[in-house]
>>> print(open('target15.cif').read())   # mmCIF, C-alpha atoms
data_entry
loop_
_atom_site.group_PDB
_atom_site.id
_atom_site.type_symbol
_atom_site.label_atom_id
_atom_site.label_comp_id
_atom_site.auth_asym_id
_atom_site.auth_seq_id
_atom_site.Cartn_x
_atom_site.Cartn_y
_atom_site.Cartn_z
ATOM 1 C CA MET A 1 4.156 -42.343 -28.589
ATOM 2 C CA TYR A 2 5.260 -40.687 -25.391
ATOM 3 C CA VAL A 3 3.699 -39.540 -22.131
ATOM 4 C CA PRO A 4 4.781 -36.006 -21.092
ATOM 5 C CA CYS A 5 5.746 -35.988 -17.407
ATOM 6 C CA VAL A 6 6.978 -33.693 -14.652
ATOM 7 C CA VAL A 7 8.984 -34.502 -11.532
ATOM 8 C CA GLU A 8 6.394 -34.872 -8.771
ATOM 9 C CA SER A 9 8.989 -35.428 -6.028
ATOM 10 C CA VAL A 10 12.162 -37.196 -4.964
ATOM 11 C CA ARG A 11 11.828 -39.412 -1.916
ATOM 12 C CA VAL A 12 14.013 -41.588 0.267
ATOM 13 C CA HIS A 13 13.228 -44.609 2.413
ATOM 14 C CA VAL A 14 14.550 -43.732 5.856
ATOM 15 C CA LEU A 15 15.520 -47.267 6.894
ATOM 16 C CA THR A 16 17.099 -48.494 3.648
ATOM 17 C CA GLY A 17 18.317 -45.209 2.185
ATOM 18 C CA GLN A 18 16.863 -46.114 -1.235
ATOM 19 C CA HIS A 19 15.901 -43.124 -3.389
ATOM 20 C CA VAL A 20 13.098 -42.804 -5.901
ATOM 21 C CA VAL A 21 12.087 -40.040 -8.293
ATOM 22 C CA LEU A 22 8.372 -39.910 -9.038
ATOM 23 C CA LEU A 23 7.380 -38.727 -12.500
ATOM 24 C CA GLN A 24 3.775 -37.641 -12.904
ATOM 25 C CA ALA A 25 2.017 -37.670 -16.254
ATOM 26 C CA ARG A 26 0.670 -34.236 -17.158
ATOM 27 C CA GLY A 27 -3.087 -34.134 -16.648
ATOM 28 C CA SER A 28 -3.113 -37.481 -14.819
ATOM 29 C CA GLU A 29 -2.846 -38.850 -11.310
ATOM 30 C CA ARG A 30 -0.534 -41.661 -12.412
ATOM 31 C CA LEU A 31 3.049 -41.755 -11.133
ATOM 32 C CA LEU A 32 6.101 -43.538 -12.491
ATOM 33 C CA PRO A 33 8.543 -44.468 -9.692
ATOM 34 C CA ILE A 34 12.159 -44.747 -10.823
ATOM 35 C CA TRP A 35 14.650 -46.002 -8.235
ATOM 36 C CA ILE A 36 17.837 -43.945 -8.467
ATOM 37 C CA GLY A 37 21.157 -43.443 -6.724
ATOM 38 C CA PRO A 38 21.670 -40.919 -3.921
ATOM 39 C CA ASP A 39 23.796 -38.548 -6.021
ATOM 40 C CA GLN A 40 21.181 -38.285 -8.768
ATOM 41 C CA ALA A 41 18.430 -37.956 -6.143
ATOM 42 C CA PHE A 42 20.242 -35.054 -4.521
ATOM 43 C CA SER A 43 20.923 -33.413 -7.874
ATOM 44 C CA ILE A 44 17.277 -33.637 -8.982
ATOM 45 C CA ALA A 45 15.771 -32.690 -5.603
ATOM 46 C CA GLN A 46 18.088 -29.719 -5.173
ATOM 47 C CA ARG A 47 17.104 -28.237 -8.543
ATOM 48 C CA VAL A 48 13.377 -28.980 -8.118
ATOM 49 C CA ALA A 49 13.536 -27.173 -4.756
ATOM 50 C CA GLY A 50 15.230 -24.200 -6.442
ATOM 51 C CA ILE A 51 18.468 -24.594 -4.475
ATOM 52 C CA ARG A 52 21.763 -23.811 -6.187
ATOM 53 C CA SER A 53 25.115 -25.262 -5.129
ATOM 54 C CA GLU A 54 28.068 -23.072 -4.259
ATOM 55 C CA ARG A 55 30.040 -25.036 -6.840
ATOM 56 C CA PRO A 56 28.654 -26.809 -9.908
ATOM 57 C CA LEU A 57 27.464 -30.381 -9.507
ATOM 58 C CA THR A 58 28.210 -32.784 -12.360
ATOM 59 C CA HIS A 59 24.872 -32.074 -14.071
ATOM 60 C CA ASP A 60 25.418 -28.308 -13.738
ATOM 61 C CA LEU A 61 28.855 -28.720 -15.304
ATOM 62 C CA MET A 62 27.412 -30.679 -18.233
ATOM 63 C CA VAL A 63 24.732 -28.044 -18.860
ATOM 64 C CA ASP A 64 27.321 -25.258 -18.695
ATOM 65 C CA MET A 65 29.660 -27.056 -21.120
ATOM 66 C CA LEU A 66 26.838 -27.730 -23.594
ATOM 67 C CA GLY A 67 25.734 -24.100 -23.367
ATOM 68 C CA LYS A 68 29.237 -22.837 -24.109
ATOM 69 C CA LEU A 69 29.274 -25.125 -27.164
ATOM 70 C CA GLU A 70 25.869 -23.708 -28.194
ATOM 71 C CA VAL A 71 24.208 -27.095 -27.835
ATOM 72 C CA GLU A 72 20.675 -27.204 -26.426
ATOM 73 C CA ILE A 73 19.024 -30.054 -24.504
ATOM 74 C CA THR A 74 15.584 -30.206 -26.137
ATOM 75 C CA ARG A 75 14.041 -33.210 -24.390
ATOM 76 C CA VAL A 76 14.816 -36.343 -22.443
ATOM 77 C CA VAL A 77 13.105 -39.688 -22.885
ATOM 78 C CA VAL A 78 12.699 -42.643 -20.548
ATOM 79 C CA LYS A 79 12.648 -45.113 -23.405
ATOM 80 C CA ASP A 80 12.815 -48.585 -21.910
ATOM 81 C CA LEU A 81 12.698 -50.728 -18.796
ATOM 82 C CA VAL A 82 15.019 -53.704 -19.192
ATOM 83 C CA ASP A 83 14.933 -56.780 -16.949
ATOM 84 C CA ASP A 84 18.207 -56.984 -15.029
ATOM 85 C CA GLY A 85 17.951 -60.733 -14.401
ATOM 86 C CA ASN A 86 17.345 -60.262 -10.662
ATOM 87 C CA GLY A 87 13.604 -59.708 -10.832
ATOM 88 C CA SER A 88 14.077 -55.953 -11.144
ATOM 89 C CA GLY A 89 14.487 -53.623 -14.060
ATOM 90 C CA VAL A 90 16.771 -50.865 -15.214
ATOM 91 C CA PHE A 91 15.332 -47.749 -16.820
ATOM 92 C CA HIS A 92 17.114 -46.583 -19.955
ATOM 93 C CA GLY A 93 16.984 -42.997 -21.119
ATOM 94 C CA SER A 94 18.105 -40.673 -23.866
ATOM 95 C CA VAL A 95 19.055 -37.016 -23.934
ATOM 96 C CA PHE A 96 18.242 -35.206 -27.179
ATOM 97 C CA LEU A 97 20.578 -32.383 -28.138
ATOM 98 C CA GLN A 98 20.216 -29.731 -30.816
ATOM 99 C CA SER A 99 23.454 -28.501 -32.361
ATOM 100 C CA GLY A 100 22.660 -26.125 -35.187
ATOM 101 C CA GLN A 101 20.495 -28.074 -37.635
ATOM 102 C CA ARG A 102 21.624 -31.429 -36.231
ATOM 103 C CA GLU A 103 19.731 -33.430 -33.601
ATOM 104 C CA ILE A 104 21.812 -35.854 -31.549
ATOM 105 C CA GLU A 105 20.489 -38.641 -29.301
ATOM 106 C CA VAL A 106 22.761 -39.604 -26.403
ATOM 107 C CA ASP A 107 22.172 -42.811 -24.419
ATOM 108 C CA SER A 108 21.799 -42.084 -20.709
ATOM 109 C CA ARG A 109 20.645 -43.403 -17.379
ATOM 110 C CA ALA A 110 17.094 -42.184 -16.878
ATOM 111 C CA SER A 111 18.121 -40.443 -13.638
ATOM 112 C CA ASP A 112 20.905 -38.448 -15.313
ATOM 113 C CA ALA A 113 18.575 -37.462 -18.147
ATOM 114 C CA ILE A 114 15.989 -36.216 -15.630
ATOM 115 C CA ALA A 115 18.656 -34.297 -13.670
ATOM 116 C CA LEU A 116 19.664 -32.508 -16.886
ATOM 117 C CA ALA A 117 16.056 -31.826 -17.908
ATOM 118 C CA VAL A 118 15.130 -30.109 -14.625
ATOM 119 C CA ARG A 119 18.126 -27.789 -15.006
ATOM 120 C CA VAL A 120 17.187 -26.507 -18.452
ATOM 121 C CA GLY A 121 13.409 -26.904 -18.456
ATOM 122 C CA ALA A 122 13.527 -29.601 -21.144
ATOM 123 C CA ARG A 123 10.534 -31.845 -21.727
ATOM 124 C CA ILE A 124 10.536 -35.181 -19.892
ATOM 125 C CA LEU A 125 8.864 -37.893 -21.960
ATOM 126 C CA VAL A 126 8.223 -41.550 -21.099
ATOM 127 C CA ALA A 127 7.553 -44.233 -23.702
ATOM 128 C CA ASP A 128 3.900 -45.351 -23.571
ATOM 129 C CA GLU A 129 4.869 -48.994 -23.034
ATOM 130 C CA VAL A 130 7.110 -48.128 -20.071
ATOM 131 C CA PHE A 131 4.501 -45.865 -18.496
ATOM 132 C CA ASP A 132 1.675 -48.375 -18.987
ATOM 133 C CA ARG A 133 3.746 -51.214 -17.539
ATOM 134 C CA SER A 134 5.304 -49.430 -14.558
ATOM 135 C CA SER A 135 3.155 -46.504 -13.431
ATOM 136 C CA ILE A 136 0.965 -46.510 -10.337
ATOM 137 C CA ALA A 137 -2.054 -44.479 -9.285
ATOM 138 C CA ALA A 138 -1.356 -41.516 -7.009
ATOM 139 C CA GLU A 139 -2.572 -41.503 -3.416
ATOM 140 C CA GLY A 140 -6.277 -40.846 -3.175
ATOM 141 C CA SER A 141 -6.961 -42.168 -6.670
ATOM 142 C CA SER A 142 -9.479 -44.985 -7.070
ATOM 143 C CA GLU A 143 -7.260 -46.727 -9.661
ATOM 144 C CA ASP A 144 -5.092 -49.756 -8.929
ATOM 145 C CA GLU A 145 -6.776 -50.950 -5.763
ATOM 146 C CA GLY A 146 -5.420 -54.425 -6.506
ATOM 147 C CA GLU A 147 -1.858 -55.696 -6.413
ATOM 148 C CA LEU A 148 -0.174 -52.283 -6.797
ATOM 149 C CA SER A 149 -1.938 -50.696 -3.805
ATOM 150 C CA VAL A 150 0.683 -51.998 -1.348
ATOM 151 C CA PHE A 151 3.494 -50.619 -3.528
ATOM 152 C CA ARG A 152 1.658 -47.285 -3.881
ATOM 153 C CA GLN A 153 1.264 -47.074 -0.088
ATOM 154 C CA PHE A 154 5.008 -47.722 0.320
ATOM 155 C CA ILE A 155 5.921 -45.009 -2.212
ATOM 156 C CA ASN A 156 3.573 -42.522 -0.577
ATOM 157 C CA SER A 157 5.114 -43.250 2.833
ATOM 158 C CA LEU A 158 8.563 -42.140 1.654
ATOM 159 C CA PRO A 159 9.463 -38.602 2.768
ATOM 160 C CA ASP A 160 10.574 -35.984 0.265
ATOM 161 C CA ASP A 161 14.374 -35.691 0.379
ATOM 162 C CA PRO A 162 16.096 -32.502 -0.765
ATOM 163 C CA THR A 163 19.051 -33.179 1.561
ATOM 164 C CA PRO A 164 22.352 -34.721 0.462
ATOM 165 C CA PRO A 165 23.108 -38.310 1.447
ATOM 166 C CA GLN A 166 24.949 -38.609 4.738
ATOM 167 C CA GLU A 167 28.189 -40.508 5.104
ATOM 168 C CA PRO A 168 27.974 -43.321 7.667
ATOM 169 C CA MET A 169 29.592 -42.579 10.997
ATOM 170 C CA PRO A 170 32.826 -44.520 11.620
ATOM 171 C CA PRO A 171 32.540 -47.139 14.378
ATOM 172 C CA GLN A 172 33.573 -45.844 17.751
ATOM 173 C CA THR A 173 36.199 -47.702 19.686
ATOM 174 C CA SER A 174 36.802 -47.534 23.356
ATOM 175 C CA GLY A 175 40.179 -46.293 24.213
#
>>> encode(input="target15.cif", output="structure tokens")
Amino acid sequence: MYVPCVVESVRVHVLTGQHVVLLQARGSERLLPIWIGPDQAFSIAQRVAGIRSERPLTHDLMVDMLGKLEVEITRVVVKDLVDDGNGSGVFHGSVFLQSGQREIEVDSRASDAIALAVRVGARILVADEVFDRSSIAAEGSSEDEGELSVFRQFINSLPDDPTPPQEPMPPQTSG
């Protein structure tokens, strides 16, 4: 079974520059934090904020190409969280396409699948096991007052980030 979710927000840690997309289960206060790269964070945040680029981003290009081929993105699924061997995990996703009478599942990073889903209004689903194992209670909820409360406080301290990642300034030399 799957948990239907929506993008609650995209946030960035100011000091480390790490980005996270927060998926919220429909009808629940639980959030699923998925750490993502800056490009995917910008792509998701921009669309959630209703901002369009002057030129197509990669996800816009993919949606446009699929549309011209008369292929529809029907849903995306965050299907697994796999241990990466470093004490962390990697979320795996799938994009489900409808081409005529044929349904096609395409393996994807969860972040790319979410970026596509927010562009076309496709359903975002998370496998029950992944959601149960990795979700946290939203701020103000009485759930998870134990070991996850510190992590929840950290997530809630991250500011929303609809801005593109900044390139580091080159070192200045005296001349």
>>> closest_residue(input="target15.cif", among="A:Ile34, A:Leu97, A:Val12, A:Val7", to="Arg75 of chain A", atoms="only C-alpha atoms")
A:Leu97
>>> closest_residue(input="target15.cif", among="A:Ser134, A:Ser9, A:Thr58, A:Ser53", to="Val90 of chain A", atoms="all atoms listed in the file")
A:Ser134
>>> resolve_selection(input="target15.cif", expression="the PyMOL selection byres ((chain A and resi 49) around 12)", output="ChimeraX atom specification")
/A:7-10,41-48,50-53,118-119,160-163
>>> closest_residue(input="target15.cif", among="A:His59, A:Pro38, A:Ile124, A:Ala113", to="Thr16 of chain A", atoms="all atoms listed in the file")
A:Pro38
>>> atom_distance(input="target15.cif", atom1="atom CA of Val78 of chain A", atom2="atom CA of Phe96 of chain A")
11.4 Å
>>> atom_distance(input="target15.cif", atom1="atom CA of Asp132 of chain A", atom2="atom CA of Ala115 of chain A")
22.7 Å
>>> residues_around(input="target15.cif", residues="Lys79 of chain A", least_positions_apart="3", cutoff="6 Å", atoms="all atoms listed in the file", output="PDB file with C-alpha atoms, keeping the file's coordinate frame")
ATOM      1  CA  HIS A  92      17.114 -46.583 -19.955  1.00  0.00           C
ATOM      2  CA  GLY A  93      16.984 -42.997 -21.119  1.00  0.00           C
ATOM      3  CA  ALA A 127       7.553 -44.233 -23.702  1.00  0.00           C
TER       4      ALA A 127
END
>>> closest_residue(input="target15.cif", among="A:Val20, A:Leu81, A:Val71, A:Leu61", to="Ser99 of chain A", atoms="all atoms listed in the file")
A:Val71
>>> atom_distance(input="target15.cif", atom1="atom CA of Gln98 of chain A", atom2="atom CA of Val77 of chain A")
14.6 Å
>>> closest_residue(input="target15.cif", among="A:Val14, A:Leu116, A:Leu57, A:Ile36", to="Glu72 of chain A", atoms="all atoms listed in the file")
A:Leu116
>>> axis_aligned_box(input="target15.cif", around="segment 120-136 of chain A", padding_each_side="4 Å", output="lines of an AutoDock Vina configuration file")
center_x = 9.1
center_y = -38.9
center_z = -17.0
size_x = 24.2
size_y = 32.7
size_z = 21.4
>>> closest_residue(input="target15.cif", among="A:Ser111, A:Trp35, A:Gln40, A:Gln24", to="Ser88 of chain A", atoms="all atoms listed in the file")
A:Trp35
>>> residues_near_point(input="target15.cif", point="(21.5, -39.7, -30.0)", cutoff="9 Å", atoms="only C-alpha atoms", output="list in words")
Ser94, Val95, Phe96, Leu97, Glu103, Ile104, Glu105, Val106 and Asp107 of chain A
>>> residues_around(input="target15.cif", residues="Val3 of chain A", least_positions_apart="6", cutoff="7 Å", atoms="all atoms listed in the file", output="MDAnalysis selection string")
chainID A and resid 25 125:128
